[in-house]
file protein_28.tsv (TSV, C-alpha atoms)
chain	number	residue	atom	x	y	z
W	7	MET	CA	-5.06	-2.74	-12.77
W	8	GLU	CA	-4.85	1.03	-12.48
W	9	VAL	CA	-4.68	2.62	-9.04
W	10	GLY	CA	-4.08	6.13	-7.80
W	11	THR	CA	-0.98	6.31	-5.61
W	12	ILE	CA	-0.56	8.62	-2.64
W	13	PHE	CA	2.93	9.44	-1.38
W	14	ASP	CA	4.79	12.27	0.32
W	15	PRO	CA	6.97	14.00	-2.30
W	16	ASN	CA	9.41	15.07	0.44
W	17	LYS	CA	10.02	11.58	1.83
W	18	ASN	CA	12.53	8.98	0.70
W	19	TYR	CA	10.92	5.54	0.55
W	20	ASP	CA	12.50	2.13	1.03
W	21	ILE	CA	9.74	0.74	-1.18
W	22	GLU	CA	11.13	0.89	-4.71
W	23	TYR	CA	7.71	1.37	-6.35
W	24	LEU	CA	6.93	4.46	-4.25
W	25	GLU	CA	10.39	5.94	-4.75
W	26	ASN	CA	10.17	5.43	-8.54
W	27	ILE	CA	6.69	6.92	-8.88
W	28	LYS	CA	7.65	9.86	-6.64
W	29	ASN	CA	10.72	10.62	-8.77
W	30	ALA	CA	8.73	10.27	-12.00
W	31	TYR	CA	6.09	12.68	-10.69
W	32	ILE	CA	8.68	15.27	-9.66
W	33	LYS	CA	10.37	14.95	-13.06
W	34	PHE	CA	6.97	15.37	-14.76
W	35	LEU	CA	6.38	18.57	-12.78
W	36	ASP	CA	9.72	19.94	-13.98
W	37	ASP	CA	8.02	20.49	-17.34
W	38	TYR	CA	5.42	22.70	-15.62
W	39	PRO	CA	7.41	25.06	-13.38
W	40	ASP	CA	4.38	27.30	-12.77
W	41	LEU	CA	2.47	24.31	-11.30
W	42	LYS	CA	5.33	22.50	-9.56
W	43	GLU	CA	5.06	24.22	-6.17
W	44	LYS	CA	1.28	23.81	-6.01
W	45	GLY	CA	1.45	20.20	-7.27
W	46	LEU	CA	3.97	19.22	-4.61
W	47	ALA	CA	2.05	21.06	-1.88
W	48	PHE	CA	-1.20	19.34	-2.87
W	49	LEU	CA	0.39	15.90	-2.81
W	50	GLU	CA	2.08	16.65	0.52
W	51	TYR	CA	-1.33	17.63	1.92
W	52	LEU	CA	-2.99	14.46	0.57
W	53	SER	CA	-0.20	12.35	2.01
W	54	SER	CA	-0.74	13.92	5.43
W	55	GLU	CA	-4.46	13.11	5.20
W	56	TYR	CA	-3.77	9.47	4.30
W	57	SER	CA	-1.11	9.09	7.00
W	58	LYS	CA	-3.21	10.20	9.96
W	59	ASP	CA	-3.16	7.88	12.95
W	60	VAL	CA	-6.89	7.97	13.64
W	61	LYS	CA	-8.09	6.63	16.97
W	62	LYS	CA	-11.25	4.59	17.52
W	63	GLY	CA	-14.36	6.78	17.41
W	64	GLU	CA	-12.65	9.52	15.36
W	65	ASN	CA	-13.56	8.26	11.88
W	66	HIS	CA	-14.62	11.78	10.87
W	67	LYS	CA	-10.89	12.54	10.57
W	68	TYR	CA	-10.86	10.32	7.45
W	69	LEU	CA	-13.21	12.69	5.59
W	70	VAL	CA	-10.66	14.17	3.15
W	71	SER	CA	-9.03	10.84	2.31
W	72	ALA	CA	-12.43	9.16	1.94
W	73	LEU	CA	-13.72	11.86	-0.43
W	74	PHE	CA	-10.51	11.89	-2.47
W	75	SER	CA	-10.58	8.08	-2.72
W	76	ARG	CA	-14.14	8.25	-4.02
W	77	ILE	CA	-13.06	10.73	-6.72
W	78	VAL	CA	-10.05	8.63	-7.74
W	79	ALA	CA	-12.17	5.48	-7.83
W	80	GLN	CA	-14.31	7.01	-10.58
W	81	ARG	CA	-11.34	6.71	-12.96
W	82	SER	CA	-9.29	3.85	-11.50
W	83	ASP	CA	-9.55	0.49	-9.79
W	84	GLY	CA	-8.53	1.80	-6.39
W	85	ILE	CA	-5.93	3.67	-4.40
W	86	LEU	CA	-2.52	2.72	-2.99
W	87	TYR	CA	-0.89	4.46	-0.04
W	88	PRO	CA	1.79	3.82	2.60
W	89	SER	CA	0.63	1.99	5.72
W	90	VAL	CA	0.39	4.16	8.83
W	91	ARG	CA	0.51	1.14	11.15
W	92	ALA	CA	3.67	-0.15	9.44
W	93	ALA	CA	5.30	3.31	9.53
W	94	GLY	CA	5.41	3.49	5.74
W	95	ILE	CA	7.35	0.25	5.21
W	96	GLY	CA	4.20	-1.50	4.02
W	97	LEU	CA	1.47	-0.53	1.58
W	98	CYS	CA	-2.31	-0.44	1.80
W	99	LEU	CA	-4.42	-1.03	-1.28
W	100	ALA	CA	-8.10	-0.14	-1.35
W	101	ILE	CA	-9.72	-1.84	-4.35
W	102	LYS	CA	-13.18	-1.33	-5.79
W	103	PRO	CA	-15.26	-4.52	-5.49
W	104	GLU	CA	-15.75	-4.81	-9.26
W	105	ALA	CA	-11.97	-4.72	-9.79
W	106	MET	CA	-11.60	-7.84	-7.63
W	107	GLU	CA	-12.92	-9.94	-10.51
W	108	ASN	CA	-9.63	-9.26	-12.32
W	109	LEU	CA	-7.50	-10.59	-9.46
W	110	GLU	CA	-6.50	-14.06	-8.42
W	111	LEU	CA	-5.36	-15.09	-4.94
W	112	ILE	CA	-2.01	-16.84	-5.38
W	113	MET	CA	-0.34	-16.52	-1.95
W	114	VAL	CA	-1.30	-15.81	1.65
W	115	HIS	CA	0.99	-14.55	4.42
W	116	LYS	CA	0.18	-14.24	8.10
W	117	CYS	CA	2.36	-11.56	9.69
W	118	LEU	CA	3.04	-10.03	13.06
W	119	LEU	CA	3.41	-6.27	13.01
W	120	LYS	CA	5.21	-4.97	16.08
W	121	LYS	CA	6.04	-1.35	16.84
W	122	GLU	CA	8.38	-0.59	19.74
W	123	ASN	CA	10.10	2.72	20.43
W	124	GLY	CA	9.18	3.97	16.95
W	125	VAL	CA	10.75	0.93	15.23
W	126	VAL	CA	8.43	-1.25	13.17
W	127	ARG	CA	9.13	-4.92	12.55
W	128	ILE	CA	7.12	-7.20	10.31
W	129	THR	CA	7.63	-10.90	10.98
W	130	PHE	CA	6.23	-13.48	8.57
W	131	LEU	CA	4.67	-16.24	10.66
W	132	LYS	CA	2.87	-18.46	8.18
W	133	VAL	CA	2.61	-18.72	4.41
W	134	CYS	CA	1.05	-20.77	1.64
W	135	GLU	CA	0.58	-20.75	-2.08
W	136	VAL	CA	-3.03	-20.97	-3.21
W	137	ASN	CA	-3.88	-23.19	-6.16
W	138	LYS	CA	-6.24	-21.86	-8.80
W	139	ASP	CA	-9.90	-22.44	-7.87
W	140	ALA	CA	-8.95	-23.68	-4.39
W	141	GLU	CA	-11.72	-23.39	-1.84
W	142	ALA	CA	-9.41	-23.98	1.12
W	143	PHE	CA	-5.71	-23.66	1.86
W	144	GLU	CA	-3.29	-24.56	4.63
W	145	LEU	CA	-1.06	-21.96	6.21
W	146	LEU	CA	2.34	-23.41	7.07
W	147	ASP	CA	5.02	-22.12	9.40
W	148	VAL	CA	7.56	-20.25	7.27
W	149	ALA	CA	10.31	-22.82	7.97
W	150	GLU	CA	8.03	-25.71	6.98
W	151	TYR	CA	6.94	-23.88	3.82
W	152	LYS	CA	10.59	-23.31	2.82
W	153	GLU	CA	11.43	-26.94	3.52
W	154	ARG	CA	8.54	-28.20	1.35
W	155	ARG	CA	9.59	-25.83	-1.45
W	156	LYS	CA	13.14	-27.13	-1.25
W	157	GLU	CA	11.93	-30.75	-1.42
W	158	SER	CA	9.75	-30.07	-4.47
W	159	GLU	CA	12.61	-28.52	-6.49

call {"tool": "encode", "arguments": {"input": "protein_28.tsv", "output": "structure tokens"}}
result
Amino acid sequence: MEVGTIFDPNKNYDIEYLENIKNAYIKFLDDYPDLKEKGLAFLEYLSSEYSKDVKKGENHKYLVSALFSRIVAQRSDGILYPSVRAAGIGLCLAIKPEAMENLELIMVHKCLLKKENGVVRITFLKVCEVNKDAEAFELLDVAEYKERRKESE
């Protein structure tokens, strides 16, 4: 699956994938010194558009990110960007419907996302593995899931 990835070139990420792709992009731009400043500024701008905290009824503020996503989707399967709600410690993936045919659901997590005083915590509440061609699945408390995994080993 090929996806466009949006990130802020000035930010250090805890997510290894984002940090690696950011560093690779900056290294790539080193070979084009006349474009480096503009390339970094453009990506910084895009990152700011994708990281807006848009309130209900203000969907027009998504215009730039929506248009850019449409352009990227012409040549890829979707777009990946840091989650605003999870303060960048999670990722969002927008996938074109036709690309979904290439994916298989293998695991489901139910999480609680809590933000207090600028600190974001993600707590895994329930989890399950999904068998191929399953039409239904059972979410288990994390402790119960771990116990069942331990018993099956």

call {"tool": "residues_around", "arguments": {"input": "protein_28.tsv", "residues": "Met106 in chain W", "least_positions_apart": "5", "cutoff": "12 Å", "atoms": "only C-alpha atoms", "output": "number ranges by chain"}}
result
W: 7, 83-84, 99-101, 111

call {"tool": "residues_around", "arguments": {"input": "protein_28.tsv", "residues": "range 17-19 of chain W", "least_positions_apart": "5", "cutoff": "12 Å", "atoms": "all atoms listed in the file", "output": "list in words"}}
result
Ile12, Leu24, Glu25, Asn26, Ile27, Lys28, Asn29, Leu46, Leu49, Glu50, Ser53, Ser54, Tyr87, Pro88, Ala93, Gly94, Ile95, Gly96 and Leu97 of chain W

call {"tool": "atom_distance", "arguments": {"input": "protein_28.tsv", "atom1": "CA of Ile85 in chain W", "atom2": "CA of Gly10 in chain W"}}
result
4.6 Å

call {"tool": "atom_distance", "arguments": {"input": "protein_28.tsv", "atom1": "CA of Pro39 in chain W", "atom2": "CA of Pro15 in chain W"}}
result
15.7 Å

call {"tool": "atom_distance", "arguments": {"input": "protein_28.tsv", "atom1": "CA of Lys120 in chain W", "atom2": "CA of Lys132 in chain W"}}
result
15.8 Å

call {"tool": "closest_residue", "arguments": {"input": "protein_28.tsv", "among": "W:Lys138, W:Ala149, W:Leu131, W:Glu122", "to": "Leu109 in chain W", "atoms": "all atoms listed in the file"}}
result
W:Lys138

call {"tool": "closest_residue", "arguments": {"input": "protein_28.tsv", "among": "W:Ala72, W:Val9, W:Ile32, W:Val148", "to": "Val114 in chain W", "atoms": "only C-alpha atoms"}}
result
W:Val148

call {"tool": "closest_residue", "arguments": {"input": "protein_28.tsv", "among": "W:Ala79, W:Glu135, W:Val90, W:Phe74", "to": "Pro103 in chain W", "atoms": "all atoms listed in the file"}}
result
W:Ala79

call {"tool": "closest_residue", "arguments": {"input": "protein_28.tsv", "among": "W:Asp36, W:Glu153, W:Glu55, W:Glu64", "to": "Asp14 in chain W", "atoms": "all atoms listed in the file"}}
result
W:Glu55

call {"tool": "residues_around", "arguments": {"input": "protein_28.tsv", "residues": "Ile112 in chain W", "least_positions_apart": "6", "cutoff": "12 Å", "atoms": "only C-alpha atoms", "output": "ChimeraX atom specification"}}
result
/W:133-140,143

call {"tool": "closest_residue", "arguments": {"input": "protein_28.tsv", "among": "W:Val70, W:Val78, W:Ser89, W:Lys121", "to": "Lys102 in chain W", "atoms": "all atoms listed in the file"}}
result
W:Val78
